[in-house]
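Visitor: I have a structure I would like to understand better, so I am pasting it below and will then ask my questions one at a time.
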Amino acid sequence: KQEVTQIPAALSVPEGENLVLNCSFTDSAIYNLQWFRQDPGKGLTSLLLIQSSQREQTSGRLNASLDKSSGRSTLYIAASQPGDSATYLCAVGANNLFFGTGTRLTVIP
Amino acid sequence: DVKVTQSSRYLVKRTGEKVFLECVQDMDHENMFWYRQDPGLGLRLIYFSYDVKMKEKGDIPEGYSVSREKKERFSLILESASTNQTSMYLCASTEGARAYGYTFGSGTRLTVV
């Protein structure tokens, strides 16, 4: 069964810093990898989708990479802002979607 | 943009009640999913459906059932609610080709007392 791990579980950074969130998965037979953002008590908002044939995707200050052979993905956030404070979840899609438990990010003004 | 709408943001139900959680998507997606999310456990798949009237068990189907009579609507049913079903429930949909991403609803926070 696919297992998805996110490290660190929590991260605090001062505003303006660049940061990297990590995601690893055990089974490389995936259709895609998706990064989500979740604010407290809310649903999931999709940030980036990387299809299995792709190596990275960018949206604004966010860049996600995918290395299927090593079972890793990273989410890079440039010039962090207090509004980026949220929990970030990665999920890998095969027949279903398998989630990590997330990284709770706090950006300190 | 595709929308996935969950009918209730918050619900409080009594133990033993039959509970219906409704989810509607507006982009003709074939696949729909129900997850529950609990602190420290992450999101866990309860049931999913690849077509009308079709359903498949996920990782934690016990105590739940589902109904998909129309393509746009996927209902999660708690036959007899129990306190251990207190959780955040999230519905999602995706197109038939699974290389495409998932879209989630805003969630239903269910409390069983």
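We label chains A, B, ... in the order they appear in the structure tokens, count residues from 1 in each chain, and number ligands from 1 in the order shown.
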Starting from chain A, keep only residues with some atom at most 10 Å from an atom of chain B, counting only C-alpha atoms, and report them as a VMD selection string.
Guide: chain A and resid 30 to 36 38 41 to 46 48 to 53 89 91 to 102
Visitor: As a ChimeraX atom specification, which residues of region 17-88 of chain B does DSSP assign to strand (DSSP E or B)?
Guide: /B:19-25,31-38,42-49,56-57,64-70,73-78,87-88
Visitor: For N, CA, C and O atoms, I'd like the residues from the last selection saved as a compact mmCIF listing (two decimals), in the first residue's frame.
Guide:
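In the end it all went to result-v8.txt:
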```txt
# COMPACT_ATOMS: atom_id res chain seq x y z
N VAL B 19 -27.58 9.52 9.31
CA VAL B 19 -27.07 10.82 8.87
C VAL B 19 -26.74 10.75 7.38
O VAL B 19 -26.12 9.78 6.91
N PHE B 20 -27.14 11.79 6.67
CA PHE B 20 -26.85 11.90 5.24
C PHE B 20 -25.94 13.11 5.01
O PHE B 20 -26.29 14.23 5.39
N LEU B 21 -24.82 12.86 4.35
CA LEU B 21 -23.96 13.95 3.92
C LEU B 21 -24.00 13.99 2.40
O LEU B 21 -23.77 12.98 1.74
N GLU B 22 -24.30 15.18 1.88
CA GLU B 22 -24.50 15.31 0.44
C GLU B 22 -23.35 16.05 -0.22
O GLU B 22 -22.80 17.00 0.34
N CYS B 23 -23.04 15.62 -1.44
CA CYS B 23 -21.97 16.24 -2.21
C CYS B 23 -22.42 16.34 -3.67
O CYS B 23 -22.88 15.33 -4.23
N VAL B 24 -22.25 17.51 -4.26
CA VAL B 24 -22.65 17.73 -5.64
C VAL B 24 -21.49 18.40 -6.38
O VAL B 24 -20.90 19.36 -5.87
N GLN B 25 -21.18 17.87 -7.59
CA GLN B 25 -20.16 18.51 -8.43
C GLN B 25 -20.80 18.90 -9.76
O GLN B 25 -21.72 18.26 -10.24
N ASN B 31 -15.63 10.44 -11.44
CA ASN B 31 -15.18 9.87 -10.17
C ASN B 31 -15.48 10.78 -9.00
O ASN B 31 -15.21 11.99 -9.05
N MET B 32 -16.01 10.19 -7.94
CA MET B 32 -16.27 10.95 -6.72
C MET B 32 -15.83 10.15 -5.51
O MET B 32 -15.85 8.91 -5.54
N PHE B 33 -15.43 10.85 -4.47
CA PHE B 33 -14.77 10.23 -3.32
C PHE B 33 -15.29 10.85 -2.02
O PHE B 33 -15.58 12.05 -1.98
N TRP B 34 -15.32 10.06 -0.98
CA TRP B 34 -15.53 10.56 0.37
C TRP B 34 -14.34 10.19 1.25
O TRP B 34 -13.95 9.01 1.31
N TYR B 35 -13.80 11.21 1.92
CA TYR B 35 -12.71 11.04 2.87
C TYR B 35 -13.17 11.54 4.24
O TYR B 35 -14.03 12.41 4.34
N ARG B 36 -12.53 11.03 5.28
CA ARG B 36 -12.63 11.67 6.58
C ARG B 36 -11.23 12.07 7.03
O ARG B 36 -10.24 11.42 6.66
N GLN B 37 -11.19 13.18 7.79
CA GLN B 37 -9.91 13.70 8.22
C GLN B 37 -9.91 13.85 9.73
O GLN B 37 -10.79 14.52 10.29
N ASP B 38 -8.92 13.24 10.36
CA ASP B 38 -8.80 13.28 11.82
C ASP B 38 -7.38 13.68 12.19
O ASP B 38 -6.41 13.29 11.52
N GLY B 42 -4.56 12.05 9.31
CA GLY B 42 -4.64 12.53 7.94
C GLY B 42 -5.98 12.21 7.31
O GLY B 42 -6.98 11.97 7.99
N LEU B 43 -6.00 12.21 6.00
CA LEU B 43 -7.22 11.89 5.25
C LEU B 43 -7.25 10.40 4.94
O LEU B 43 -6.27 9.83 4.46
N ARG B 44 -8.39 9.81 5.18
CA ARG B 44 -8.58 8.39 4.90
C ARG B 44 -9.80 8.20 4.02
O ARG B 44 -10.85 8.81 4.27
N LEU B 45 -9.67 7.33 3.03
CA LEU B 45 -10.71 7.13 2.05
C LEU B 45 -11.78 6.21 2.60
O LEU B 45 -11.49 5.09 3.03
N ILE B 46 -13.03 6.65 2.51
CA ILE B 46 -14.16 5.85 3.01
C ILE B 46 -14.76 5.03 1.86
O ILE B 46 -14.84 3.81 1.92
N TYR B 47 -15.23 5.72 0.84
CA TYR B 47 -15.83 5.10 -0.33
C TYR B 47 -15.52 5.96 -1.54
O TYR B 47 -15.28 7.16 -1.43
N PHE B 48 -15.58 5.33 -2.72
CA PHE B 48 -15.50 6.10 -3.95
C PHE B 48 -16.40 5.47 -5.00
O PHE B 48 -16.87 4.33 -4.84
N SER B 49 -16.60 6.23 -6.07
CA SER B 49 -17.51 5.80 -7.13
C SER B 49 -16.96 6.23 -8.47
O SER B 49 -16.58 7.40 -8.63
N GLU B 56 -17.21 1.65 -4.58
CA GLU B 56 -16.11 0.80 -4.15
C GLU B 56 -15.73 1.18 -2.73
O GLU B 56 -15.70 2.37 -2.40
N LYS B 57 -15.39 0.20 -1.92
CA LYS B 57 -14.94 0.49 -0.56
C LYS B 57 -13.53 1.06 -0.58
O LYS B 57 -12.68 0.64 -1.35
N TYR B 64 -20.38 2.96 7.29
CA TYR B 64 -20.80 3.91 6.27
C TYR B 64 -21.39 3.17 5.06
O TYR B 64 -21.06 2.01 4.82
N SER B 65 -22.23 3.86 4.32
CA SER B 65 -22.64 3.42 3.00
C SER B 65 -22.73 4.66 2.12
O SER B 65 -22.61 5.78 2.61
N VAL B 66 -22.88 4.42 0.81
CA VAL B 66 -22.95 5.55 -0.12
C VAL B 66 -24.05 5.29 -1.14
O VAL B 66 -24.52 4.16 -1.33
N SER B 67 -24.39 6.38 -1.83
CA SER B 67 -25.39 6.30 -2.88
C SER B 67 -24.99 7.24 -4.00
O SER B 67 -24.64 8.40 -3.74
N ARG B 68 -25.06 6.72 -5.23
CA ARG B 68 -24.82 7.58 -6.37
C ARG B 68 -25.86 7.28 -7.44
O ARG B 68 -25.63 6.48 -8.36
N GLU B 69 -26.99 7.94 -7.33
CA GLU B 69 -28.09 7.75 -8.26
C GLU B 69 -27.97 8.64 -9.49
O GLU B 69 -28.49 8.32 -10.56
N LYS B 70 -27.32 9.77 -9.34
CA LYS B 70 -27.05 10.68 -10.44
C LYS B 70 -25.56 10.98 -10.50
O LYS B 70 -24.87 10.96 -9.47
N ARG B 73 -24.09 13.71 -8.06
CA ARG B 73 -24.37 13.67 -6.63
C ARG B 73 -23.86 12.37 -6.01
O ARG B 73 -24.15 11.28 -6.50
N PHE B 74 -23.14 12.51 -4.90
CA PHE B 74 -22.60 11.35 -4.20
C PHE B 74 -22.88 11.55 -2.72
O PHE B 74 -22.39 12.52 -2.12
N SER B 75 -23.66 10.67 -2.15
CA SER B 75 -24.12 10.82 -0.77
C SER B 75 -23.41 9.82 0.13
O SER B 75 -23.25 8.65 -0.24
N LEU B 76 -23.01 10.29 1.28
CA LEU B 76 -22.43 9.42 2.31
C LEU B 76 -23.47 9.24 3.41
O LEU B 76 -24.06 10.23 3.87
N ILE B 77 -23.68 8.01 3.81
CA ILE B 77 -24.72 7.69 4.79
C ILE B 77 -24.09 7.01 5.99
O ILE B 77 -23.34 6.03 5.85
N LEU B 78 -24.38 7.57 7.16
CA LEU B 78 -24.01 6.93 8.41
C LEU B 78 -25.26 6.24 8.92
O LEU B 78 -26.23 6.89 9.30
N SER B 87 -15.98 13.82 13.04
CA SER B 87 -14.83 14.03 12.17
C SER B 87 -15.15 15.13 11.17
O SER B 87 -16.28 15.62 11.08
N MET B 88 -14.12 15.50 10.39
CA MET B 88 -14.32 16.34 9.21
C MET B 88 -14.45 15.41 8.01
O MET B 88 -13.59 14.55 7.78
```
Visitor: Show me, as JSON, numbers by chain, the residues that have an atom within 7 Å of Ile77 (chain A) when counting only C-alpha atoms, minus same-chain residues fewer than 5 positions from it.
Guide: {"A": [18, 19, 20, 61, 62, 63]}
Visitor: Can you pull out the residues contacting Val107 (chain A)? Cut-off 7 Å, using only C-alpha atoms, and skip same-chain residues under 3 positions away; I want them as a PyMOL selection string.
Guide: chain A and resi 12-15+80-82+84-85
Visitor: Under the rule that only C-alpha atoms are counted, which of A:Leu105, A:Gln2, A:Asn22, A:Ile7 is the nearest residue to Gly83 (chain A)?
Guide: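 For Gly83 (chain A), the nearest of the candidates is A:Leu105.
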Visitor: Which neighbours of Val112 (chain B) fall inside 12 Å, counting only C-alpha atoms, when residues of the same chain fewer than 4 positions from it are skipped, and could you give them as a PyMOL selection string?
Guide: chain B and resi 10-19+78+80-88
Visitor: Rounded to one decimal in Å, what is the spacing between CA of Gln57 (chain A) and CA of Glu95 (chain B)?
Guide: 20.0 Å
